[in-house]
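Written out below as structure tokens is the structure these notes cover.
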Amino acid sequence: MKIQFFCPRWGAENIPWDSFCIKVKEAGFDGVETPIPFDRIEQQVITDALNKHGLLLIGQYYQSFEKDLPLHKENFKKHLESIAALKPLLIDAQTGKDYFTSAQNRELFQLAKQVTADTGIVIVHETHRNKALFAAHIAKQLLTDNPDIVITADFSHWCNVSESLLDQQTEALNLAISKTVHIHARVGHAESAQVSDPRAPEWQAEVNAHLAWWDQIIDSRLKQGAELLTITPEFGPAPYMPALPFTKMPVASQWEINVYMMGLLKDRYKIYCC
């Protein structure tokens, strides 16, 4: 099995795409994970930069804003089809809403399944706050009821939602781990989906908990005979990143942390990263 690492575009939107891709390539990432605009010219700029620098693409969908389900489904489909047209490695989708019923979220899972059937692009559903898979116990039931979906594991959100390191939700975690094909490698804690800096010793327990979960995902993918696992170190900018009052200065560098996390995981899983 091979592991590939992707750099989030999130937090670097003000950097021109060509300059961003140079920076990403030099840091040692295999590709970029990014939302895709509808504008064809902007899409061409993105794909030209990625191709020029030999970088892969993971598309990202996060625009789950409409409360009206028919409108929500319509826009969900438009976004997924637009991203799929660029032939990404996969699409990370923040699917559904936490206030939709399980039946409503199921409609969105089924719609994504149809887009995958039509385009050949795998759509992975992210464990994200405010979305369908926002909490471990809810995700457990949805994954049981929709056994054919696969997920992006971002357990930092579940820590925040449950105010814990998920010690009492082993069954839900194990099920989610078995469905994971993509990881968002951000470390969360009981009060936030992002620690201030994973290099700081005060967060060692949280880092160790997430590393243990990611180790289990590696083991699960190996047992499934998977050829690939993708990881995006996804520490974000403010307000995910704590900032000083008044000045709004971030307490650490988002870029440095994501590069550090990639390096940590490349060393930990080095037999799979060559």
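All residue names refer to the structure tokens as shown: chains lettered A, B, ... in order, residues numbered from 1 in each chain, ligands numbered from 1 in order.
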
Applying 9 Å and only C-alpha atoms, which residues near segment 105-115 of chain A remain after dropping the ones on its own chain fewer than 5 positions away? List them as an mmCIF file with all heavy atoms, in the first residue's frame.
data_model
loop_
_atom_site.group_PDB
_atom_site.id
_atom_site.type_symbol
_atom_site.label_atom_id
_atom_site.label_comp_id
_atom_site.auth_asym_id
_atom_site.auth_seq_id
_atom_site.Cartn_x
_atom_site.Cartn_y
_atom_site.Cartn_z
ATOM 1 N N HIS A 72 -30.832 21.873 -1.802
ATOM 2 C CA HIS A 72 -29.569 21.350 -1.293
ATOM 3 C C HIS A 72 -29.054 20.245 -2.220
ATOM 4 O O HIS A 72 -27.874 20.244 -2.607
ATOM 5 C CB HIS A 72 -29.787 20.815 0.123
ATOM 6 C CG HIS A 72 -28.531 20.518 0.875
ATOM 7 N ND1 HIS A 72 -28.135 21.240 1.979
ATOM 8 C CD2 HIS A 72 -27.574 19.573 0.691
ATOM 9 C CE1 HIS A 72 -26.997 20.755 2.440
ATOM 10 N NE2 HIS A 72 -26.642 19.731 1.680
ATOM 11 N N LYS A 73 -29.925 19.320 -2.576
ATOM 12 C CA LYS A 73 -29.544 18.214 -3.447
ATOM 13 C C LYS A 73 -29.115 18.713 -4.832
ATOM 14 O O LYS A 73 -28.133 18.231 -5.400
ATOM 15 C CB LYS A 73 -30.703 17.219 -3.593
ATOM 16 C CG LYS A 73 -30.986 16.430 -2.327
ATOM 17 C CD LYS A 73 -32.222 15.546 -2.480
ATOM 18 C CE LYS A 73 -32.027 14.459 -3.493
ATOM 19 N NZ LYS A 73 -33.204 13.563 -3.568
ATOM 20 N N PHE A 76 -25.682 20.318 -4.434
ATOM 21 C CA PHE A 76 -24.736 19.251 -4.109
ATOM 22 C C PHE A 76 -24.306 18.528 -5.386
ATOM 23 O O PHE A 76 -23.114 18.342 -5.655
ATOM 24 C CB PHE A 76 -25.409 18.288 -3.131
ATOM 25 C CG PHE A 76 -24.546 17.171 -2.603
ATOM 26 C CD1 PHE A 76 -23.284 17.404 -2.090
ATOM 27 C CD2 PHE A 76 -25.029 15.861 -2.582
ATOM 28 C CE1 PHE A 76 -22.511 16.375 -1.565
ATOM 29 C CE2 PHE A 76 -24.268 14.826 -2.058
ATOM 30 C CZ PHE A 76 -23.009 15.078 -1.560
ATOM 31 N N LYS A 77 -25.278 18.167 -6.202
ATOM 32 C CA LYS A 77 -25.002 17.455 -7.445
ATOM 33 C C LYS A 77 -24.179 18.317 -8.407
ATOM 34 O O LYS A 77 -23.226 17.837 -9.030
ATOM 35 C CB LYS A 77 -26.314 17.034 -8.102
ATOM 36 C CG LYS A 77 -26.176 16.147 -9.330
ATOM 37 C CD LYS A 77 -27.554 15.613 -9.744
ATOM 38 C CE LYS A 77 -27.448 14.606 -10.889
ATOM 39 N NZ LYS A 77 -27.138 15.268 -12.179
ATOM 40 N N LEU A 80 -20.538 18.418 -7.139
ATOM 41 C CA LEU A 80 -19.840 17.149 -7.301
ATOM 42 C C LEU A 80 -19.514 16.889 -8.766
ATOM 43 O O LEU A 80 -18.405 16.454 -9.098
ATOM 44 C CB LEU A 80 -20.684 16.007 -6.741
ATOM 45 C CG LEU A 80 -20.913 15.988 -5.225
ATOM 46 C CD1 LEU A 80 -21.738 14.763 -4.841
ATOM 47 C CD2 LEU A 80 -19.605 16.018 -4.453
ATOM 48 N N GLU A 81 -20.455 17.154 -9.649
ATOM 49 C CA GLU A 81 -20.216 16.916 -11.072
ATOM 50 C C GLU A 81 -19.154 17.868 -11.621
ATOM 51 O O GLU A 81 -18.331 17.472 -12.468
ATOM 52 C CB GLU A 81 -21.522 17.064 -11.842
ATOM 53 C CG GLU A 81 -22.509 15.933 -11.571
ATOM 54 C CD GLU A 81 -23.836 16.115 -12.273
ATOM 55 O OE1 GLU A 81 -24.167 17.260 -12.661
ATOM 56 O OE2 GLU A 81 -24.569 15.111 -12.427
ATOM 57 N N ALA A 84 -15.839 16.546 -10.340
ATOM 58 C CA ALA A 84 -15.517 15.266 -10.981
ATOM 59 C C ALA A 84 -15.019 15.454 -12.404
ATOM 60 O O ALA A 84 -14.201 14.654 -12.895
ATOM 61 C CB ALA A 84 -16.744 14.353 -10.960
ATOM 62 N N THR A 95 -20.732 16.212 3.527
ATOM 63 C CA THR A 95 -22.077 15.876 3.068
ATOM 64 C C THR A 95 -23.131 16.100 4.138
ATOM 65 O O THR A 95 -22.949 15.726 5.296
ATOM 66 C CB THR A 95 -22.111 14.407 2.617
ATOM 67 O OG1 THR A 95 -21.082 14.201 1.647
ATOM 68 C CG2 THR A 95 -23.462 14.031 2.044
ATOM 69 N N GLY A 96 -24.282 16.668 3.723
ATOM 70 C CA GLY A 96 -25.462 16.742 4.573
ATOM 71 C C GLY A 96 -25.409 17.813 5.645
ATOM 72 O O GLY A 96 -24.553 18.693 5.647
ATOM 73 N N LYS A 97 -26.359 17.696 6.570
ATOM 74 C CA LYS A 97 -26.462 18.645 7.684
ATOM 75 C C LYS A 97 -26.782 17.885 8.962
ATOM 76 O O LYS A 97 -27.447 16.846 8.941
ATOM 77 C CB LYS A 97 -27.568 19.676 7.432
ATOM 78 C CG LYS A 97 -27.366 20.533 6.195
ATOM 79 C CD LYS A 97 -26.115 21.389 6.264
ATOM 80 C CE LYS A 97 -26.210 22.511 7.273
ATOM 81 N NZ LYS A 97 -25.028 23.405 7.253
ATOM 82 N N ASP A 98 -26.344 18.437 10.089
ATOM 83 C CA ASP A 98 -26.621 17.777 11.365
ATOM 84 C C ASP A 98 -28.105 17.830 11.724
ATOM 85 O O ASP A 98 -28.583 17.017 12.518
ATOM 86 C CB ASP A 98 -25.767 18.369 12.485
ATOM 87 C CG ASP A 98 -25.889 19.884 12.626
ATOM 88 O OD1 ASP A 98 -26.643 20.508 11.850
ATOM 89 O OD2 ASP A 98 -25.213 20.444 13.510
ATOM 90 N N PHE A 100 -30.577 17.607 9.376
ATOM 91 C CA PHE A 100 -31.359 16.761 8.476
ATOM 92 C C PHE A 100 -31.647 15.428 9.173
ATOM 93 O O PHE A 100 -30.872 14.962 10.015
ATOM 94 C CB PHE A 100 -30.593 16.483 7.183
ATOM 95 C CG PHE A 100 -30.609 17.598 6.171
ATOM 96 C CD1 PHE A 100 -29.798 17.533 5.047
ATOM 97 C CD2 PHE A 100 -31.416 18.718 6.326
ATOM 98 C CE1 PHE A 100 -29.791 18.549 4.101
ATOM 99 C CE2 PHE A 100 -31.421 19.744 5.387
ATOM 100 C CZ PHE A 100 -30.604 19.662 4.268
ATOM 101 N N GLY A 120 -17.036 7.761 -12.182
ATOM 102 C CA GLY A 120 -15.908 6.942 -11.779
ATOM 103 C C GLY A 120 -15.061 7.553 -10.684
ATOM 104 O O GLY A 120 -14.039 6.979 -10.292
ATOM 105 N N ILE A 121 -15.461 8.712 -10.149
ATOM 106 C CA ILE A 121 -14.706 9.397 -9.104
ATOM 107 C C ILE A 121 -15.277 9.038 -7.736
ATOM 108 O O ILE A 121 -16.473 9.257 -7.478
ATOM 109 C CB ILE A 121 -14.737 10.930 -9.295
ATOM 110 C CG1 ILE A 121 -14.241 11.299 -10.688
ATOM 111 C CG2 ILE A 121 -13.909 11.603 -8.208
ATOM 112 C CD1 ILE A 121 -12.839 10.876 -11.006
ATOM 113 N N VAL A 122 -14.446 8.494 -6.871
ATOM 114 C CA VAL A 122 -14.880 8.115 -5.532
ATOM 115 C C VAL A 122 -15.169 9.371 -4.710
ATOM 116 O O VAL A 122 -14.378 10.313 -4.694
ATOM 117 C CB VAL A 122 -13.807 7.260 -4.830
ATOM 118 C CG1 VAL A 122 -14.187 6.993 -3.371
ATOM 119 C CG2 VAL A 122 -13.611 5.952 -5.583
ATOM 120 N N ILE A 123 -16.308 9.375 -4.015
ATOM 121 C CA ILE A 123 -16.689 10.475 -3.136
ATOM 122 C C ILE A 123 -16.640 9.967 -1.708
ATOM 123 O O ILE A 123 -17.295 8.970 -1.364
ATOM 124 C CB ILE A 123 -18.085 11.011 -3.473
ATOM 125 C CG1 ILE A 123 -18.088 11.566 -4.906
ATOM 126 C CG2 ILE A 123 -18.515 12.084 -2.472
ATOM 127 C CD1 ILE A 123 -19.464 11.838 -5.462
ATOM 128 N N VAL A 124 -15.832 10.633 -0.880
ATOM 129 C CA VAL A 124 -15.694 10.239 0.521
ATOM 130 C C VAL A 124 -16.351 11.297 1.395
ATOM 131 O O VAL A 124 -16.200 12.492 1.157
ATOM 132 C CB VAL A 124 -14.208 10.030 0.902
ATOM 133 C CG1 VAL A 124 -13.630 8.862 0.138
ATOM 134 C CG2 VAL A 124 -13.379 11.266 0.637
ATOM 135 N N HIS A 125 -17.088 10.863 2.388
ATOM 136 C CA HIS A 125 -17.915 11.747 3.203
ATOM 137 C C HIS A 125 -17.201 12.051 4.515
ATOM 138 O O HIS A 125 -16.834 11.150 5.263
ATOM 139 C CB HIS A 125 -19.277 11.101 3.435
ATOM 140 C CG HIS A 125 -19.960 10.713 2.150
ATOM 141 N ND1 HIS A 125 -20.650 11.612 1.382
ATOM 142 C CD2 HIS A 125 -20.010 9.523 1.490
ATOM 143 C CE1 HIS A 125 -21.123 11.002 0.300
ATOM 144 N NE2 HIS A 125 -20.745 9.733 0.347
ATOM 145 N N ALA A 132 -23.606 15.699 8.096
ATOM 146 C CA ALA A 132 -24.310 14.465 8.442
ATOM 147 C C ALA A 132 -23.554 13.636 9.477
ATOM 148 O O ALA A 132 -24.148 13.096 10.416
ATOM 149 C CB ALA A 132 -24.545 13.633 7.182
ATOM 150 N N LEU A 142 -25.531 6.028 10.932
ATOM 151 C CA LEU A 142 -25.582 6.319 9.500
ATOM 152 C C LEU A 142 -24.699 5.359 8.710
ATOM 153 O O LEU A 142 -25.068 4.920 7.615
ATOM 154 C CB LEU A 142 -25.151 7.765 9.248
ATOM 155 C CG LEU A 142 -26.177 8.849 9.612
ATOM 156 C CD1 LEU A 142 -25.564 10.236 9.452
ATOM 157 C CD2 LEU A 142 -27.435 8.729 8.754
ATOM 158 N N ASP A 145 -26.518 2.083 8.542
ATOM 159 C CA ASP A 145 -27.674 2.133 7.639
ATOM 160 C C ASP A 145 -27.274 2.334 6.182
ATOM 161 O O ASP A 145 -28.065 2.046 5.273
ATOM 162 C CB ASP A 145 -28.620 3.267 8.047
ATOM 163 C CG ASP A 145 -29.269 3.034 9.404
ATOM 164 O OD1 ASP A 145 -29.273 1.876 9.873
ATOM 165 O OD2 ASP A 145 -29.771 4.012 9.991
ATOM 166 N N ASN A 146 -26.055 2.843 5.957
ATOM 167 C CA ASN A 146 -25.567 3.114 4.594
ATOM 168 C C ASN A 146 -24.197 2.457 4.434
ATOM 169 O O ASN A 146 -23.174 3.135 4.353
ATOM 170 C CB ASN A 146 -25.472 4.625 4.360
ATOM 171 C CG ASN A 146 -26.800 5.338 4.532
ATOM 172 O OD1 ASN A 146 -27.604 5.410 3.611
ATOM 173 N ND2 ASN A 146 -27.041 5.867 5.731
ATOM 174 N N ASP A 148 -22.428 1.127 2.206
ATOM 175 C CA ASP A 148 -21.572 1.227 1.026
ATOM 176 C C ASP A 148 -20.800 2.540 0.942
ATOM 177 O O ASP A 148 -20.019 2.731 0.010
ATOM 178 C CB ASP A 148 -22.400 1.036 -0.252
ATOM 179 C CG ASP A 148 -23.615 1.946 -0.306
ATOM 180 O OD1 ASP A 148 -23.950 2.557 0.730
ATOM 181 O OD2 ASP A 148 -24.236 2.044 -1.382
ATOM 182 N N ILE A 149 -20.993 3.466 1.899
ATOM 183 C CA ILE A 149 -20.262 4.725 1.816
ATOM 184 C C ILE A 149 -18.894 4.590 2.478
ATOM 185 O O ILE A 149 -18.682 3.766 3.369
ATOM 186 C CB ILE A 149 -21.048 5.900 2.439
ATOM 187 C CG1 ILE A 149 -21.138 5.785 3.955
ATOM 188 C CG2 ILE A 149 -22.426 6.026 1.803
ATOM 189 C CD1 ILE A 149 -21.761 7.016 4.612
#

List as a VMD selection string the protein and nucleic acid residues near segment 169-176 of chain A, meaning an atom at most 8 Å away when only C-alpha atoms are counted, but skip any in the same chain fewer than 3 places from it.
chain A and resid 136 to 137 139 to 140 143 151 153 166 179 to 180

Resulting file, chosen residues, C-alpha atoms, as a PDB file, in the first residue's frame:
ATOM      1  CA  ALA A 136     -19.444   9.534  16.562  1.00  0.00           C
ATOM      2  CA  HIS A 137     -22.745   8.109  17.790  1.00  0.00           C
ATOM      3  CA  ALA A 139     -22.113   8.427  12.364  1.00  0.00           C
ATOM      4  CA  LYS A 140     -22.262   4.912  13.779  1.00  0.00           C
ATOM      5  CA  LEU A 143     -22.650   4.084   8.548  1.00  0.00           C
ATOM      6  CA  ILE A 151     -15.362   8.395   4.664  1.00  0.00           C
ATOM      7  CA  ALA A 153     -11.713  10.502   8.967  1.00  0.00           C
ATOM      8  CA  LEU A 166     -13.789   9.350  22.466  1.00  0.00           C
ATOM      9  CA  LYS A 179     -14.796   2.838   6.314  1.00  0.00           C
ATOM     10  CA  THR A 180     -11.903   5.308   6.051  1.00  0.00           C
TER      11      THR A 180
END

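Residues with any atom within 10 Å of Leu57 of chain A, counting only C-alpha atoms and excluding same-chain neighbours fewer than 3 positions away, are A:Phe6, A:Cys7, A:Asp30, A:Gly31, A:Val32, A:Glu33, A:Thr34, A:Ile46, A:Thr47, A:Leu50, A:Asn51, A:Gln60, A:Leu86, A:Lys87, A:Pro88, A:Leu89, A:Leu90, A:Ile91.
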
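Picture a line from atom CA of Asp48 of chain A to atom CA of Ala93 of chain A; it runs 23.4 Å.
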
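Considering the residues A:Gly11, A:Pro37, A:His79, A:Arg186 and counting only C-alpha atoms, Gln254 of chain A has its shortest atom-to-atom contact with A:Gly11.
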
Find the spatial neighbours of Ile177 of chain A, counting only C-alpha atoms, within a cut-off of 8 Å - ignore same-chain residues fewer than 5 positions away - and output them as a PyMOL selection string.
chain A and resi 153+213+216-217+220

Glu206 of chain A: which residues within 7 Å, counting only C-alpha atoms, same-chain residues fewer than 2 positions away excluded, as an NGL selection string?
:A and (187-189 or 203-204 or 208-210)
